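Have a look at the structure below, then the notes.
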Amino acid sequence: MGTLHRKLLRDILSMGGQTAAIGTVIAAGVMTLIVSVTTLDAISLTKDRFYRDHQFAQIFADLKRAPEGLAERLATIPGINQVDTRVRATVRLEVPGFSDPVRGVVLSIPDGRQPDINRLYLRQGSLPDPERNDQVLISEPFAEAHDLAPGDSIRAIIRNRLETLTVSGVALSPEFVYQIGPADLLPDYERFGVLWMNRRALASAYGMDGAFNSVVATLQARTEPAPVIDALDGLLERYGGVGAHDRDELPSHRFLSEELNQLRVMAVVLPGIFLGVSAFLLSVLLNRIVRTQRQDVAVLKAFGYGNRRIGLHYGILTGLIVLAGSALGILFGAWAADALATLYTEYFRFPEMTFRLRPRVILLAGAVAFAAAALGTWRAVTDAVSLPPAQAMRPPAPEDFGPGWLERSRLGSLLDQPSRIILRNLSRHRFKSCMSVLGIGLSASLLLVGSYQFNAVDHMIDIQYRLVQKADVHLTFTDPTPERAAAELRHQPGVVHVETYRSVPVRLRNGRREYRSAILGTDPDPQLRSLIDVDNQPVVLPSQGLVMTDHLADHLALRPGDNVDVEILEGHRRTVRVQLAAVVAEPIGVSAYMERRALNRLMAEGPAISGAWLLTDRSREQELFDSLHGIPRLAGIGLIGQAESAIRAYIEDTVLVLMGILLLLASCIAFAVVYNNARIAFAERARELATLRVLGFTRGEVSWILIGEMMLLTLLAIPVGWLLGTGFAFLLNQALSMDLLRIPFIITPRTYASAAAGVLLASAFSMLLIARRLHRLDMVSALKTVE
């Protein structure tokens, strides 16, 4: 082993705690990068392969009813590669052993064979027998939720007729990777299912013989969707078309894309923060090594070692720390990514999830870690090799100190000698003190970012389900229904209060910006579906004009008083211009609102409704459900409480799992930063502390000089950490905002207190370890120096 290699080994062993702390920070950064990139890679590759192999449609359109002969004209639209017509039926289901209401959608497939577009992946069983009218395929998540298998039976109300259906198989579809019901935000596999039925059987049951009410199509290569959508809308308008759209507006694909976008953000933001902190720590550590080893460098140069070999020596020292941290981060990152990818399969249903830690991801993580380390240590290594031997052999010139503000102030006379030493040292080494405060502040900021998510998520759900959604049951009708249906609902068993609404699908436009949504027409001052402003105060709907969520208004670049083009996609399709009267703040979903009668006038119809919200007596819910099953025009029954439970479970399984990992890593980093800072301070001042012991200072007084300095730096760093953490939390909040939900930017005093407590705890533990070293301080060795 060469001389430099033996020196390298001694340096690493003597700084074991510090190198381990920095390696932990690097491991945290590499781990977050591996988790984010590998999970993103796994979901993206699996999605692309499933879409490609099963001919996922690129264009979708729903309508009232059109003759099958129209399909030939649809196929001639320029840019269309393939087109399939089908029957789509909204049904209510009855599952043996399950008493809650269950909604479903049944899609037709060609008799006895796979469709050409949106081909199904058969997990169990077989396609429905073309000679039987009572067989169906069911979606895998629905089958798992109710423990259904081929041969089992379920009942469905199709066009007001109760049908008994036999399960022929269990399938997955690229159209329902994220299986949610109409108007839902999250999957509820027990209460919503997807079924596939032979075309002839479903058309007969749903009154669609020789007709269709749904179209899917694929496009030729390099074809823009917009012209095809316009041509398709033109042909389907007279048949009750509600507006064709591409994949981006399909709920399943849209939510999947937003989740992938969030992973892309996290793959950049979180590793950047962690690796930035590690670069800072490595810079501090290597600078300290160079300062304390300047005489060693001079001796090495005197014995003929060149700048290149000395620079390589310190580069290897840095590289070994980075290599150890990267290896640990890759190991734990692969494990965490596998667990997270498995978790995602609960919500995004693919035939299989292809998880593989690719070499390019490992190389990327290693390259980013080494780049961050090189950036942080470049100057220290340059300083080491640039010292001339004669200059390096001399100890650093003593600093020129004089009476400072402390000596001239009354505070100096009130403090004891050790406390004055603490303040004097910090004031005379301002840059070093500022760097220590910044390092500890960065660790506090990471703790704040992690704990912020937990409190903000609870606040978001409380707003949505305590202030906005106050109903117990949500009803939807098959078609617009006269307002008098509300009276019938009020007489149902267990109903305490009823509020009705009208929902109209629309496309909102402002210049080149557009968004497909629905206008919800409600009472002016709804009680069960409230509208609130940014201060959580109720908003009363104006008699004229449109109200929309602030997220939608920002997307369309609208402000109150602006006009927005509203393309109505139901009934007599037309575009009208409506003024934006106000915006409301809702953390979940994207919606627009109008006073219900104003919306009826806009639609040129009587007082029609699309659904209702019910406040119920919980003790009579089952009696209510039994009674509602007898209402023929009722399309679906939704339970608000179950929706709340579903969204809490989703957030706990995804957002909070990721933030929990972040909080754990941030806690490790907080200790690493504080401990590393304390070790450097101890190493730099060992001679000074030993001198004070020789001069008669007690062990407690000497310990207080170092520990008190660290305590003061930590207390100064906490407000800095709060400020940095607030900024990081805001940036992360904006980056992770999506249509499904927007976590409000609310940082409570409890969040700030948690971040401060974490740093103080890490400081206390670090000080305990340093106190042990102070207790074992060898005064004779510490006072030795090379002259």
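Residue numbering restarts at 1 for every chain of the structure tokens, chains are lettered A, B, ... in their displayed order, and ligands are numbered from 1 as they appear.
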Problem set entry | Residue list (helix (DSSP H, G or I), DSSP) for stretch 668-744 of chain A, as a PyMOL selection string | chain A and resi 668-694+699-735
Could those selected residues go to a file with C-alpha atoms, as a compact mmCIF listing (two decimals), in the first residue's frame?
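The resulting file, part-v7.txt, is shown below:
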# COMPACT_ATOMS: atom_id res chain seq x y z
CA CYS A 668 -31.26 11.51 9.27
CA ILE A 669 -29.92 14.52 7.40
CA ALA A 670 -30.65 16.83 10.34
CA PHE A 671 -28.52 14.65 12.59
CA ALA A 672 -25.82 14.30 9.92
CA VAL A 673 -25.57 18.06 9.40
CA VAL A 674 -25.50 18.97 13.09
CA TYR A 675 -23.10 16.18 14.03
CA ASN A 676 -20.77 16.95 11.13
CA ASN A 677 -20.75 20.60 12.11
CA ALA A 678 -19.97 19.75 15.75
CA ARG A 679 -17.14 17.36 14.80
CA ILE A 680 -15.51 19.95 12.56
CA ALA A 681 -15.75 22.58 15.31
CA PHE A 682 -14.21 20.16 17.82
CA ALA A 683 -11.35 19.22 15.49
CA GLU A 684 -10.59 22.86 14.69
CA ARG A 685 -10.60 23.99 18.32
CA ALA A 686 -9.12 20.99 20.13
CA ARG A 687 -5.84 22.87 20.75
CA GLU A 688 -7.70 25.95 22.01
CA LEU A 689 -9.87 23.91 24.36
CA ALA A 690 -6.88 22.00 25.71
CA THR A 691 -5.10 25.31 26.33
CA LEU A 692 -8.07 26.54 28.37
CA ARG A 693 -7.97 23.34 30.46
CA VAL A 694 -4.26 23.95 31.17
CA ARG A 699 -14.13 20.46 32.13
CA GLY A 700 -17.68 21.80 32.36
CA GLU A 701 -16.61 25.32 31.35
CA VAL A 702 -14.61 24.01 28.41
CA SER A 703 -17.48 21.78 27.32
CA TRP A 704 -19.88 24.71 27.53
CA ILE A 705 -17.71 26.75 25.14
CA LEU A 706 -18.19 24.21 22.35
CA ILE A 707 -21.65 22.93 23.24
CA GLY A 708 -22.99 26.42 23.94
CA GLU A 709 -21.66 27.58 20.57
CA MET A 710 -23.47 24.70 18.84
CA MET A 711 -26.67 25.47 20.76
CA LEU A 712 -26.52 29.11 19.74
CA LEU A 713 -25.89 28.20 16.08
CA THR A 714 -28.81 25.77 16.18
CA LEU A 715 -31.16 28.38 17.65
CA LEU A 716 -30.08 30.89 15.01
CA ALA A 717 -30.55 28.26 12.29
CA ILE A 718 -34.15 27.40 13.20
CA PRO A 719 -35.70 30.66 11.81
CA VAL A 720 -33.51 30.26 8.71
CA GLY A 721 -34.81 26.70 8.34
CA TRP A 722 -38.38 27.91 8.71
CA LEU A 723 -37.84 30.47 5.96
CA LEU A 724 -36.13 28.03 3.58
CA GLY A 725 -38.64 25.28 4.40
CA THR A 726 -41.57 27.58 3.68
CA GLY A 727 -40.06 28.35 0.28
CA PHE A 728 -39.37 24.67 -0.49
CA ALA A 729 -42.89 23.72 0.62
CA PHE A 730 -44.43 26.40 -1.64
CA LEU A 731 -42.40 25.26 -4.65
CA LEU A 732 -43.28 21.61 -4.01
CA ASN A 733 -46.94 22.54 -3.50
CA GLN A 734 -47.07 24.33 -6.86
CA ALA A 735 -45.19 21.57 -8.66
For this session: Excluding A:Ala485 and any residue of its chain fewer than 2 positions from it, enumerate the residues within 10 Å of it, using only C-alpha atoms, and give them as a count of residues only.
Result: 12
For this session: Using atom CA of A:Ala226 and atom CA of A:Val265 as the two end points, give the distance in Å to one decimal.
Result: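 If I compute the distance from atom CA of A:Ala226 to atom CA of A:Val265, I get 28.5 Å.
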Exercise. A:Ile330, A:Gly450, A:Met738, A:Phe477: which is nearest A:Arg254, counting only C-alpha atoms?
Worked result: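 With only C-alpha atoms as the atom set, the closest residue is A:Met738.
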Problem set entry | Residue neighbourhood A:Arg73, 12 Å, only C-alpha atoms, exclusion window fewer than 5 positions, as a list in words |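 So the residues in contact are Ala66, Pro67, Glu68, Pro78, Ile80, Val83, Asp84, Thr85, Ala231, Leu232, Gly234, Leu235 and Leu236 of chain A.
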Exercise. So, counting only C-alpha atoms, which residue among A:Thr377, A:Thr549, A:Ser386, A:Asn455 is closest to A:Ser283?
Worked result: A:Thr377
